[in-house]
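Read the structure below first, then the notes.
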Amino acid sequence: MKKMNINHKTEIGFHLFIFFFMVIVFVSSIARLDEMDRGFLYLTLSTLIGIGSLYQIYKVIRRNRRKQNNTKLV
């Protein structure tokens with residue numbers, strides 16, 4: 001990841017923020033599961049959004065590596 005576009009850095013930063021926010025929601029839902037009526041909903045949503053965010057980070061990094069490999073070959 002030598003040369004990463006500003007757009008890629010912003011996209012990774014955004015998805016990291018979303019992922020860490022979902023981790024906080026997940027942990028707080030587990031800690032207060034018996035007190036909330038919608039605890040299971042929050043657990044499910046935070047898991048799905050967190051997985052989606054990690055997948056988007058993976059896609060950005062993979063796309064950046066492919067670009068770098070293509071420029072080295074030329």
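If you're wondering about the labels, chains in the structure tokens are A, B, ... by order shown, residues count from 1 in each chain, ligands from 1 in order shown.
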
(message) Using only C-alpha atoms, which protein or nucleic acid residues come within 9 Å of stretch 49-59 of chain A? Drop anything in the same chain fewer than 3 positions from it, and give the result as a list in words.
(response)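 Residues near the query, excluding close chain neighbours: Glu11, Ile12, Gly13, Phe14, His15, Leu16, Ile18, Phe19, Phe20, Phe21, Met22, Val23, Thr44, Leu45, Ser46, Arg62, Arg63 and Asn64 of chain A.
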
(request) Have a look at atom CA of A:Ile24 and atom CA of A:His8 and let me know their distance in Å, one decimal. (result)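 Those two atoms sit 24.3 Å apart.
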
(message) For the structure I just gave you, how does DSSP split chain A - specifically, which residues are alpha helix (DSSP H)? Reply as a PyMOL selection string.
(response) chain A and resi 6-31+39-73
